[in-house]
There are 4 protein chains.
Amino acid sequence: MSHATATAARRLRGGIVGGGRGAFIGSVHRIAAELDGQALLIAGAMSSDPQTARLSAADWFLERAYTSYEDMAAAEAAHERGIDFVIIATPNDLHLPVARAFLAAGIHVICDKPLALNVAEGEELVRLVEAGRTLFALTHAYTGYPAVRQAREMVRTGQLGEIRKVMVEYTQDWLSDAVEARGNKQAAWRTDPKRAGVGGSLGDIGTHAANLLEFVTQLPIEALCADLTSFVAGRRLDDDANILLRLRGGAKGTLVCSQIACGEENRLSLRVYGTKAGLEWHQEDPGVLIHKVAGRPRTQLSAGQAYMSEAAKAATRTPPGHPEGYLEAFANVYRGFMADIRRRDAGQSPAGDYPSVHDGLRGLRFVAQAVASSGAGSVWLPL
Amino acid sequence: MSHATATAARRLRGGIVGGGRGAFIGSVHRIAAELDGQALLIAGAMSSDPQTARLSAADWFLERAYTSYEDMAAAEAAHERGIDFVIIATPNDLHLPVARAFLAAGIHVICDKPLALNVAEGEELVRLVEAGRTLFALTHAYTGYPAVRQAREMVRTGQLGEIRKVMVEYTQDWLSDAVEARGNKQAAWRTDPKRAGVGGSLGDIGTHAANLLEFVTQLPIEALCADLTSFVAGRRLDDDANILLRLRGGAKGTLVCSQIACGEENRLSLRVYGTKAGLEWHQEDPGVLIHKVAGRPRTQLSAGQAYMSEAAKAATRTPPGHPEGYLEAFANVYRGFMADIRRRDAGQSPAGDYPSVHDGLRGLRFVAQAVASSGAGSVWLPL
Amino acid sequence: MSHATATAARRLRGGIVGGGRGAFIGSVHRIAAELDGQALLIAGAMSSDPQTARLSAADWFLERAYTSYEDMAAAEAAHERGIDFVIIATPNDLHLPVARAFLAAGIHVICDKPLALNVAEGEELVRLVEAGRTLFALTHAYTGYPAVRQAREMVRTGQLGEIRKVMVEYTQDWLSDAVEARGNKQAAWRTDPKRAGVGGSLGDIGTHAANLLEFVTQLPIEALCADLTSFVAGRRLDDDANILLRLRGGAKGTLVCSQIACGEENRLSLRVYGTKAGLEWHQEDPGVLIHKVAGRPRTQLSAGQAYMSEAAKAATRTPPGHPEGYLEAFANVYRGFMADIRRRDAGQSPAGDYPSVHDGLRGLRFVAQAVASSGAGSVWLPL
Amino acid sequence: MSHATATAARRLRGGIVGGGRGAFIGSVHRIAAELDGQALLIAGAMSSDPQTARLSAADWFLERAYTSYEDMAAAEAAHERGIDFVIIATPNDLHLPVARAFLAAGIHVICDKPLALNVAEGEELVRLVEAGRTLFALTHAYTGYPAVRQAREMVRTGQLGEIRKVMVEYTQDWLSDAVEARGNKQAAWRTDPKRAGVGGSLGDIGTHAANLLEFVTQLPIEALCADLTSFVAGRRLDDDANILLRLRGGAKGTLVCSQIACGEENRLSLRVYGTKAGLEWHQEDPGVLIHKVAGRPRTQLSAGQAYMSEAAKAATRTPPGHPEGYLEAFANVYRGFMADIRRRDAGQSPAGDYPSVHDGLRGLRFVAQAVASSGAGSVWLPL
């Protein structure tokens, strides 16, 4: 694209589809995209409602507001100062069509998770991305935490030995009641199979848990045996899941996700045990990575310290003891994505240092197989 | 028994089988039995090795040392100052024969867990106990913590609403290597099916986890679906288990136990989520019970405070902020057991405020069904 | 200013003096200023070294780079798209001259702490600010945390009763050795009386601690009794301070600051005890506010929850359990400052919801009196 | 004593003065004395009220109950199965007379803290103990925790380098109101100068804090500068103290004690910072010792682990992860004391592995000088 030639000397220009007023995740994307001073959001189709679209764009001082993502893709592709990338922050059912439109327009895409409505859609998106040169990233934001990247490095360099046991959980409580029936828009689409897909809590947070586990261990889940429940009366999708896991190489474990765990806020936790040591990380205290070697004093690695790996340090902005959080982790996914946009514009190969469309397809398969396993009475199914 | 008539005005007299030098659990039982000044240990068959038996007894200033539990049961029953109760602190294979001998002698029995080698033995022991008037207690010591008793009270009085979700774990690391092949006696019998039974980590710690869960929720596990592993080469019993649970009334959950979780010491943790609130307890920080009501500030209940339930206060010896621990929890099981001995001697009905032979049989069934489920490829089996 | 008339419909334009490559605090200011999408940095005099100034500006894609703050003030005031505000991120000795230049140019100023080199300078700055209509903010960033604002609200609304006791500490370890003699630029100016003033750790972090205490309690420190030390050989300013405090209304307490506390990262902690309850906050776990009412279960208030005060919620961007940190707290100071710039441009009265030049002067007095008290053998001096 | 000749082959016989029904500390002493199976309490003068004395003795199945400690000392000294040691668990004003009586009778004494009513009494007690061969121990029980002994070893062996900074605190809330005026016996004597001495919170808990600090660092407090307060109307003794400290060798620090810190239970915490590392310990989480080396991951040492020092291991009864608490720490002081009784009976030299009468005198001087310093307007006074 002509408008991309000069990206080396300027902030990238971003656009967004979805994420208008009332959608928490919209401003998370904006902050994450702009945090490092590498991009500015200037265009958006933030709502299908014209007034909400206009007001949302004004809130952010966007230069151009659209009410249709198709119009936006066409106009931005044609504009001499058009956007370099688009953020997809819509419900799941729109991920594929929106991505298709922008990929077709040659505009890089960064998309919220899960990747799409179902495996078939996910496979189509993989084909579309693979067929072109336009970049695609998926915001599994929890992989952006420095301590998570440290954990991955420690596994990768053998500090845990051979992995034997994993425990990953993601529990929340915000769907403990039928809030979807009482006007909560976030809940409404997430509990609606037409907009969310076959997974409820599985799609919304279980995919994060599975992705985090595979990201850190670099061991794919090979099989699962699931027991899903919809505890809230009338709810059509799962709001709770207990899953047994088997990973490549023989490790075993559990994945628990729930949105009816009364009193839990956003408890994403990972534990990995190998023959030499164990690791433990809690998203609600994200700067700390607990490292346990049997028979030695437990240690706490702290983000920002010089002893951290290069991968962790590259994801850190503040000195030790100055906490970074969710927005900074999210921004680290953007940082990788935007660095690749600049690489591509400079004629270099992308580094791919962020979750990919393939990770997204794995997430959809995870949801599908967990639903199938549970429906068959908790049988082991491959992934 | 004639020697029991005067128990109201004296410390009870206790004996012990097993628990000699080198056995950690022996002195735990002694301390727990004597902690409240209600008993003194005066007799023991602490080892089948005569010298170890003699030296162990001398360490504790016992009045009478035996090398055979049969001799001990006979002699103590006949002695005018014979023991009121016996502690069984042997490997699992001796629980039934020792208990049989002392029950036959009319001496109350308090036995370490698991109850016996297998379900058949457990059923026999239930019959023996039910057939007589001699008391029997099982030292699921973790039920003795004040915060655990508080949790049970809070569930019982409806403060959690209807229980939906449970997570219980018991992880350790001391069997991460084949220490049983390198002279570790504790490991040797626990990994030997002849002495331990069909469960490895399941029997040793999984039974604690299952018992704790049922104790607090008062909901029996109705079905389980298990995946067991022996990670250490050559080990014949499980050293790791991941289990899906279904409880009476529709609650679901997971039970994880492991003795190869590198870096874990004795991590027994329980979480219970109901429609109104959640509870969380960690044995390694035992004085605190975390209580979470959705939308309200999380609270930490602290042992010793006036706001605790009567059940919790009755299990507390120190003011708030003066930590009690494992030995005091263990002593609370003894406290209930010895109170019943005094009740019986006074012609009153026992209160049964401690784990029973029936709880022990449930534990054996839990082990047996988990082994069977895993062997069948992780199928749901009833409990 | 003519260029300000349209601020309602656009991002504010910011500039920065100092904060070039190698200065950690520069990018903290940039991120904080831009985080909410309310401003863009477009100009800077980031270093007196021309090359560093140019490269630093290029890193941030600034439109205009200067090597002299005087030039910058003059040029920006004259530019039709000149900056609305300037950030001062230099060593302390430049705070006054830089502020003077921009205030004279009618450009709003936001300045790092401590306010200036000494009390006399601080008093001059107060006069300058009071004499004009240009806004001035001081970045005591820790007041920006939601939990800190919650604490202040709880004190203000009487939830603690009458305040009796306070404990505030700010400990670090980065000056445990003579790093200033080994090329650490951050350490070099902070340990140099000519550039830092009479306080070492006192000025750098003690002022944060004192400010935090007064911010939360709204009780001025009335007297102090200090014992300062320079533990590292050759260091001319304090690197450690232990101080007794008396607050208005009779509360007593301690303030401890240290930069030689081996192993501490950035441990800023506050405790406040009143007749009804106590509060506790730890900057290294910033989303939690511990609330203790005697005889009731301890509670943990969590940022983002609906039960938080409006003041806390207004300082929160993410849902509960999605941690915010230091950058977001810093951004909350900017948020208040920029809201006042917009108010002023709209002809409204500023709300002053951020640390002021008067707070800065109190900080300088605190440093001066602590130094004087310690020098006189730890005598009580008024503040 | 003739009755002592055979102590090698039996439990020691103990007696107690004070500690009757309603006195929390009585049963703490009993449990601690008996916990290791090395002693049995058989005699007591537990109350001056005859009925309380009788009932309290019956609660514990004591063989001999007295109403006068003078009678008890005489009778026990004469009894062929008389007590080997006596526990003094009375208010402070009786420590000296009771100790004098039993020392004169040749019965070893273990006494609660503070040592006596005032420095003069303390000096007399030192003379009495030094003049004889009868052993004397003071129950500064917090020195009994394994992690505290580990901390001392780490300081002693140079792992912290040269000590620079200390912070010790002991805060509680149970005297936040005038409970002494509402029938709380524990509060009544502790707030009464005739029974408690010149220190209120200082004597009751400040002495523990000072002792813990000196125990771990092995550096005597050389000077202090104190600010004491009686916050509760009508109270004659301090209920809060903030104190600056200087230790031998140049270390500086703070000691804070308070019994009006609303919401605190029994928060005794110690931090020690040296040139190489820092240590941190919290009595309310007593099994953990936090070890911080600058620039290295923070470590948590855990009681019971093989890597702990011999001193710590000798004070541990359970494996890692099986928490020990306050009673076990208390029992460790008894363990040292009773080992010395056996050494003395065996003709060996005492090891003195417990707080001494000299430690007690230092505590009384600490109280006296803190009161004097505060009274003089917070001046530095030597200790």
# chains A, B, ... in the order shown; residues from 1 in each chain; ligands from 1

$ closest_atom_pairs --of "chain A" --to "chain C" --cutoff "10 Å" --atoms "only C-alpha atoms" --output "Markdown table"
| residue | atom | partner | partner_atom | distance |
| --- | --- | --- | --- | --- |
| A:Ala8 | CA | C:Phe61 | CA | 9.7 |
| A:Ala9 | CA | C:Phe61 | CA | 6.9 |
| A:Arg10 | CA | C:Phe61 | CA | 5.8 |
| A:Arg11 | CA | C:Phe61 | CA | 6.8 |
| A:Phe24 | CA | C:Thr318 | CA | 7.6 |
| A:Ile25 | CA | C:Thr318 | CA | 8.9 |
| A:Ser27 | CA | C:Arg317 | CA | 8.5 |
| A:Val28 | CA | C:Thr318 | CA | 7.8 |
| A:Arg30 | CA | C:Gly37 | CA | 8.2 |
| A:Ile31 | CA | C:Leu35 | CA | 6.0 |
| A:Ala32 | CA | C:Leu35 | CA | 8.8 |
| A:Glu34 | CA | C:Leu35 | CA | 7.5 |
| A:Leu35 | CA | C:Ile31 | CA | 6.0 |
| A:Asp36 | CA | C:Ile31 | CA | 7.0 |
| A:Gly37 | CA | C:Trp60 | CA | 6.3 |
| A:Gln38 | CA | C:Trp60 | CA | 7.9 |
| A:Leu40 | CA | C:Gly37 | CA | 9.0 |
| A:Leu41 | CA | C:Gly37 | CA | 9.2 |
| A:Ala58 | CA | C:Ala9 | CA | 7.8 |
| A:Asp59 | CA | C:Gly37 | CA | 8.8 |
| A:Trp60 | CA | C:Gly37 | CA | 6.3 |
| A:Phe61 | CA | C:Arg10 | CA | 5.8 |
| A:Leu62 | CA | C:Arg10 | CA | 9.0 |
| A:Glu63 | CA | C:Arg10 | CA | 9.8 |
| A:Gln172 | CA | C:Gly321 | CA | 9.0 |
| A:Glu264 | CA | C:Gly321 | CA | 8.2 |
| A:Glu265 | CA | C:Gly321 | CA | 4.9 |
| A:Asn266 | CA | C:Gly321 | CA | 4.6 |
| A:Arg267 | CA | C:Gly321 | CA | 7.0 |
| A:Leu268 | CA | C:Gly321 | CA | 9.2 |
| A:Gln283 | CA | C:His322 | CA | 7.9 |
| A:Glu284 | CA | C:Gly321 | CA | 5.7 |
| A:Asp285 | CA | C:Asp285 | CA | 7.2 |
| A:Pro286 | CA | C:Pro323 | CA | 7.8 |
| A:Gly287 | CA | C:Glu284 | CA | 9.2 |
| A:Ser302 | CA | C:Glu265 | CA | 9.3 |
| A:Gly304 | CA | C:Glu265 | CA | 9.8 |
| A:Gln305 | CA | C:Glu265 | CA | 9.2 |
| A:Arg317 | CA | C:Val28 | CA | 8.2 |
| A:Thr318 | CA | C:Phe24 | CA | 7.6 |
| A:Pro319 | CA | C:Phe24 | CA | 8.1 |
| A:Pro320 | CA | C:Glu265 | CA | 5.6 |
| A:Gly321 | CA | C:Asn266 | CA | 4.6 |
| A:His322 | CA | C:Tyr326 | CA | 5.5 |
| A:Pro323 | CA | C:Gly325 | CA | 4.8 |
| A:Glu324 | CA | C:Gly325 | CA | 4.8 |
| A:Gly325 | CA | C:Pro323 | CA | 4.8 |
| A:Tyr326 | CA | C:Pro323 | CA | 5.4 |
| A:Leu327 | CA | C:Glu324 | CA | 7.1 |
| A:Glu328 | CA | C:Glu324 | CA | 8.6 |

$ write_last_selection --atoms "C-alpha atoms" --output "PDB file, in the first residue's frame"
ATOM      1  CA  ALA A   8       9.292   3.926   9.620  1.00  0.00           C
ATOM      2  CA  ALA A   9       9.127   7.624  10.424  1.00  0.00           C
ATOM      3  CA  ARG A  10       5.668   7.888  11.899  1.00  0.00           C
ATOM      4  CA  ARG A  11       3.184   6.309  14.223  1.00  0.00           C
ATOM      5  CA  PHE A  24     -15.196  -2.580  27.977  1.00  0.00           C
ATOM      6  CA  ILE A  25     -12.843  -4.204  25.540  1.00  0.00           C
ATOM      7  CA  SER A  27     -10.783   1.052  25.195  1.00  0.00           C
ATOM      8  CA  VAL A  28      -8.527  -1.791  26.261  1.00  0.00           C
ATOM      9  CA  ARG A  30      -7.125   1.502  22.085  1.00  0.00           C
ATOM     10  CA  ILE A  31      -4.861   1.864  25.113  1.00  0.00           C
ATOM     11  CA  ALA A  32      -2.905  -1.262  24.220  1.00  0.00           C
ATOM     12  CA  GLU A  34      -1.249   3.316  21.534  1.00  0.00           C
ATOM     13  CA  LEU A  35       0.661   2.629  24.748  1.00  0.00           C
ATOM     14  CA  ASP A  36       4.116   2.486  23.245  1.00  0.00           C
ATOM     15  CA  GLY A  37       3.680   5.535  21.077  1.00  0.00           C
ATOM     16  CA  GLN A  38       3.823   3.385  17.956  1.00  0.00           C
ATOM     17  CA  LEU A  40      -2.701   6.235  16.793  1.00  0.00           C
ATOM     18  CA  LEU A  41      -6.271   5.166  16.253  1.00  0.00           C
ATOM     19  CA  ALA A  58     -15.815  11.545  19.094  1.00  0.00           C
ATOM     20  CA  ASP A  59     -14.843  10.208  22.516  1.00  0.00           C
ATOM     21  CA  TRP A  60     -11.607   9.082  20.964  1.00  0.00           C
ATOM     22  CA  PHE A  61     -11.117  12.072  18.647  1.00  0.00           C
ATOM     23  CA  LEU A  62     -11.145   9.715  15.644  1.00  0.00           C
ATOM     24  CA  GLU A  63     -10.729  11.398  12.293  1.00  0.00           C
ATOM     25  CA  GLN A 172     -14.826 -15.678  37.274  1.00  0.00           C
ATOM     26  CA  GLU A 264     -13.734 -14.844  41.762  1.00  0.00           C
ATOM     27  CA  GLU A 265     -12.838 -11.842  39.670  1.00  0.00           C
ATOM     28  CA  ASN A 266     -10.476 -12.922  36.930  1.00  0.00           C
ATOM     29  CA  ARG A 267      -8.510 -15.768  38.383  1.00  0.00           C
ATOM     30  CA  LEU A 268      -6.327 -17.122  35.647  1.00  0.00           C
ATOM     31  CA  GLN A 283      -2.767 -13.283  36.677  1.00  0.00           C
ATOM     32  CA  GLU A 284      -4.161 -11.329  39.588  1.00  0.00           C
ATOM     33  CA  ASP A 285      -0.607 -10.853  40.916  1.00  0.00           C
ATOM     34  CA  PRO A 286       1.014 -10.817  37.510  1.00  0.00           C
ATOM     35  CA  GLY A 287       4.479  -9.477  38.162  1.00  0.00           C
ATOM     36  CA  SER A 302      10.010 -10.309  39.751  1.00  0.00           C
ATOM     37  CA  GLY A 304      11.868  -5.845  35.648  1.00  0.00           C
ATOM     38  CA  GLN A 305      14.824  -7.448  37.354  1.00  0.00           C
ATOM     39  CA  ARG A 317       8.452  -0.979  30.700  1.00  0.00           C
ATOM     40  CA  THR A 318       9.023  -0.159  34.372  1.00  0.00           C
ATOM     41  CA  PRO A 319      11.666  -0.913  36.985  1.00  0.00           C
ATOM     42  CA  PRO A 320      11.113  -3.669  39.555  1.00  0.00           C
ATOM     43  CA  GLY A 321       8.411  -2.900  42.059  1.00  0.00           C
ATOM     44  CA  HIS A 322       6.507  -0.554  39.751  1.00  0.00           C
ATOM     45  CA  PRO A 323       3.651  -2.900  38.812  1.00  0.00           C
ATOM     46  CA  GLU A 324       2.543  -3.354  35.251  1.00  0.00           C
ATOM     47  CA  GLY A 325      -0.782  -4.994  34.566  1.00  0.00           C
ATOM     48  CA  TYR A 326      -3.364  -6.129  32.111  1.00  0.00           C
ATOM     49  CA  LEU A 327      -3.151  -3.141  29.791  1.00  0.00           C
ATOM     50  CA  GLU A 328       0.611  -3.457  29.466  1.00  0.00           C
TER      51      GLU A 328
END

$ residues_around --residues "Tyr334 of chain B" --least-positions-apart "2" --cutoff "10 Å" --atoms "only C-alpha atoms" --output "list in words"
His29, Ala32, Ala33, Glu34, Leu35, Asp36, Gln38, Ala39, Ile110, Ala137, Leu138, Thr139, Ala141, Gly144, Glu328, Ala329, Phe330, Ala331, Asn332, Gly336, Phe337, Met338, Ala339, Asp340, Asp353 and Tyr354 of chain B

$ write_last_selection --atoms "N, CA and C atoms" --output "mmCIF file, in the first residue's frame"
data_model
loop_
_atom_site.group_PDB
_atom_site.id
_atom_site.type_symbol
_atom_site.label_atom_id
_atom_site.label_comp_id
_atom_site.auth_asym_id
_atom_site.auth_seq_id
_atom_site.Cartn_x
_atom_site.Cartn_y
_atom_site.Cartn_z
ATOM 1 N N HIS B 29 1.240 -38.418 66.629
ATOM 2 C CA HIS B 29 0.148 -39.003 67.413
ATOM 3 C C HIS B 29 0.348 -38.754 68.915
ATOM 4 N N ALA B 32 -0.365 -35.125 69.705
ATOM 5 C CA ALA B 32 -1.792 -34.839 69.542
ATOM 6 C C ALA B 32 -2.613 -35.442 70.677
ATOM 7 N N ALA B 33 -2.245 -36.662 71.085
ATOM 8 C CA ALA B 33 -3.001 -37.341 72.139
ATOM 9 C C ALA B 33 -2.845 -36.624 73.482
ATOM 10 N N GLU B 34 -1.643 -36.099 73.713
ATOM 11 C CA GLU B 34 -1.360 -35.541 75.034
ATOM 12 C C GLU B 34 -1.569 -34.033 75.125
ATOM 13 N N LEU B 35 -1.755 -33.380 73.993
ATOM 14 C CA LEU B 35 -1.692 -31.915 73.957
ATOM 15 C C LEU B 35 -2.621 -31.237 74.944
ATOM 16 N N ASP B 36 -3.822 -31.759 75.098
ATOM 17 C CA ASP B 36 -4.790 -31.086 75.954
ATOM 18 C C ASP B 36 -4.749 -31.560 77.402
ATOM 19 N N GLN B 38 -5.267 -34.436 78.497
ATOM 20 C CA GLN B 38 -6.332 -35.410 78.761
ATOM 21 C C GLN B 38 -5.834 -36.842 78.719
ATOM 22 N N ALA B 39 -4.596 -37.043 78.312
ATOM 23 C CA ALA B 39 -4.106 -38.420 78.188
ATOM 24 C C ALA B 39 -2.598 -38.443 78.369
ATOM 25 N N ILE B 110 -7.881 -45.691 67.873
ATOM 26 C CA ILE B 110 -7.776 -44.542 66.976
ATOM 27 C C ILE B 110 -6.692 -44.887 65.965
ATOM 28 N N ALA B 137 -11.887 -44.269 65.955
ATOM 29 C CA ALA B 137 -11.711 -42.984 65.268
ATOM 30 C C ALA B 137 -10.631 -43.129 64.211
ATOM 31 N N LEU B 138 -10.756 -42.323 63.173
ATOM 32 C CA LEU B 138 -9.786 -42.324 62.082
ATOM 33 C C LEU B 138 -9.160 -40.922 62.014
ATOM 34 N N THR B 139 -7.836 -40.860 61.912
ATOM 35 C CA THR B 139 -7.207 -39.546 62.034
ATOM 36 C C THR B 139 -7.085 -38.812 60.692
ATOM 37 N N ALA B 141 -6.774 -35.843 60.010
ATOM 38 C CA ALA B 141 -6.461 -34.757 60.921
ATOM 39 C C ALA B 141 -6.840 -33.395 60.381
ATOM 40 N N GLY B 144 -9.570 -31.273 61.638
ATOM 41 C CA GLY B 144 -9.444 -30.688 62.965
ATOM 42 C C GLY B 144 -9.147 -29.199 62.968
ATOM 43 N N GLU B 328 -2.015 -29.163 66.387
ATOM 44 C CA GLU B 328 -3.247 -28.782 67.090
ATOM 45 C C GLU B 328 -4.470 -29.318 66.357
ATOM 46 N N ALA B 329 -4.434 -29.301 65.015
ATOM 47 C CA ALA B 329 -5.551 -29.878 64.266
ATOM 48 C C ALA B 329 -5.662 -31.367 64.571
ATOM 49 N N PHE B 330 -4.529 -32.018 64.555
ATOM 50 C CA PHE B 330 -4.495 -33.447 64.886
ATOM 51 C C PHE B 330 -5.058 -33.668 66.298
ATOM 52 N N ALA B 331 -4.647 -32.799 67.211
ATOM 53 C CA ALA B 331 -5.103 -32.926 68.597
ATOM 54 C C ALA B 331 -6.609 -32.731 68.707
ATOM 55 N N ASN B 332 -7.194 -31.984 67.790
ATOM 56 C CA ASN B 332 -8.646 -31.794 67.851
ATOM 57 C C ASN B 332 -9.402 -33.070 67.517
ATOM 58 N N GLY B 336 -11.933 -34.924 70.328
ATOM 59 C CA GLY B 336 -13.275 -35.469 70.145
ATOM 60 C C GLY B 336 -13.349 -36.941 70.548
ATOM 61 N N PHE B 337 -12.325 -37.672 70.159
ATOM 62 C CA PHE B 337 -12.268 -39.103 70.469
ATOM 63 C C PHE B 337 -12.221 -39.324 71.987
ATOM 64 N N MET B 338 -11.379 -38.574 72.664
ATOM 65 C CA MET B 338 -11.234 -38.787 74.102
ATOM 66 C C MET B 338 -12.446 -38.301 74.868
ATOM 67 N N ALA B 339 -13.082 -37.260 74.364
ATOM 68 C CA ALA B 339 -14.326 -36.828 75.007
ATOM 69 C C ALA B 339 -15.364 -37.947 74.941
ATOM 70 N N ASP B 340 -15.378 -38.667 73.819
ATOM 71 C CA ASP B 340 -16.320 -39.779 73.708
ATOM 72 C C ASP B 340 -15.952 -40.937 74.637
ATOM 73 N N ASP B 353 -17.695 -36.787 67.273
ATOM 74 C CA ASP B 353 -17.172 -35.556 66.661
ATOM 75 C C ASP B 353 -15.745 -35.774 66.115
ATOM 76 N N TYR B 354 -15.627 -36.743 65.234
ATOM 77 C CA TYR B 354 -14.324 -37.093 64.642
ATOM 78 C C TYR B 354 -14.582 -38.074 63.505
#

$ closest_residue --among "B:Glu162, B:Val148, B:Asp227, B:Gly183" --to "Ser309 of chain B" --atoms "only C-alpha atoms"
B:Val148

$ atom_distance --atom1 "atom CA of Ile290 of chain D" --atom2 "atom CA of Arg271 of chain D"
9.3 Å

$ select_by_dssp --residues "segment 289-343 of chain A" --states "alpha helix (DSSP H)" --output "PyMOL selection string"
chain A and resi 310-313+326-343

$ write_last_selection --atoms "N, CA and C atoms" --output "compact mmCIF listing (two decimals), in the first residue's frame"
# COMPACT_ATOMS: atom_id res chain seq x y z
N GLU A 310 15.74 -12.30 28.40
CA GLU A 310 15.57 -11.21 27.44
C GLU A 310 14.12 -11.12 26.98
N ALA A 311 13.47 -12.26 26.83
CA ALA A 311 12.08 -12.26 26.38
C ALA A 311 11.19 -11.52 27.38
N ALA A 312 11.45 -11.73 28.65
CA ALA A 312 10.65 -11.04 29.67
C ALA A 312 11.00 -9.57 29.73
N LYS A 313 12.29 -9.27 29.65
CA LYS A 313 12.69 -7.87 29.74
C LYS A 313 12.15 -7.06 28.56
N TYR A 326 -2.63 -5.57 33.24
CA TYR A 326 -3.36 -6.13 32.11
C TYR A 326 -3.18 -5.30 30.85
N LEU A 327 -3.26 -3.98 30.98
CA LEU A 327 -3.15 -3.14 29.79
C LEU A 327 -1.77 -3.25 29.17
N GLU A 328 -0.75 -3.33 29.98
CA GLU A 328 0.61 -3.46 29.47
C GLU A 328 0.81 -4.82 28.82
N ALA A 329 0.22 -5.87 29.41
CA ALA A 329 0.32 -7.19 28.78
C ALA A 329 -0.34 -7.17 27.41
N PHE A 330 -1.51 -6.59 27.38
CA PHE A 330 -2.24 -6.44 26.12
C PHE A 330 -1.39 -5.67 25.11
N ALA A 331 -0.76 -4.61 25.60
CA ALA A 331 0.07 -3.79 24.71
C ALA A 331 1.26 -4.57 24.17
N ASN A 332 1.71 -5.57 24.91
CA ASN A 332 2.83 -6.35 24.41
C ASN A 332 2.45 -7.20 23.20
N VAL A 333 1.21 -7.64 23.15
CA VAL A 333 0.76 -8.33 21.96
C VAL A 333 0.75 -7.35 20.78
N TYR A 334 0.24 -6.15 21.04
CA TYR A 334 0.26 -5.12 19.99
C TYR A 334 1.69 -4.77 19.58
N ARG A 335 2.57 -4.71 20.56
CA ARG A 335 3.96 -4.36 20.25
C ARG A 335 4.56 -5.32 19.24
N GLY A 336 4.31 -6.61 19.46
CA GLY A 336 4.82 -7.61 18.52
C GLY A 336 4.18 -7.48 17.15
N PHE A 337 2.89 -7.26 17.17
CA PHE A 337 2.14 -7.13 15.91
C PHE A 337 2.63 -5.91 15.12
N MET A 338 2.77 -4.80 15.81
CA MET A 338 3.16 -3.58 15.10
C MET A 338 4.63 -3.64 14.65
N ALA A 339 5.45 -4.31 15.41
CA ALA A 339 6.83 -4.48 14.96
C ALA A 339 6.86 -5.27 13.66
N ASP A 340 5.96 -6.24 13.53
CA ASP A 340 5.89 -7.01 12.28
C ASP A 340 5.36 -6.17 11.12
N ILE A 341 4.42 -5.28 11.42
CA ILE A 341 3.96 -4.38 10.34
C ILE A 341 5.14 -3.56 9.82
N ARG A 342 5.94 -3.05 10.76
CA ARG A 342 7.09 -2.24 10.33
C ARG A 342 8.12 -3.12 9.59
N ARG A 343 8.28 -4.34 10.06
CA ARG A 343 9.20 -5.24 9.35
C ARG A 343 8.72 -5.47 7.92

$ closest_residue --among "B:Val155, B:Leu94, B:Leu383, B:Ala147" --to "Leu364 of chain B" --atoms "only C-alpha atoms"
B:Leu383

$ residues_around --residues "segment 116-122 of chain D" --least-positions-apart "4" --cutoff "7 Å" --atoms "only C-alpha atoms" --output "ChimeraX atom specification"
/D:92-93,95-96,126,196-197,361,364-365

$ atom_distance --atom1 "atom CA of Ala101 of chain D" --atom2 "atom CA of Leu128 of chain D"
10.6 Å

$ residues_around --residues "Arg100 of chain B" --least-positions-apart "6" --cutoff "12 Å" --atoms "only C-alpha atoms" --output "ChimeraX atom specification"
/B:69-70,73,86,88,94,106-109,111,116,121-122,124-129,131-132,134,136

$ closest_residue --among "A:Ala43, A:Val288, A:Ala261, A:Leu237" --to "Arg64 of chain A" --atoms "only C-alpha atoms"
A:Ala43

$ atom_distance --atom1 "atom CA of Leu381 of chain C" --atom2 "atom CA of Phe366 of chain C"
9.9 Å
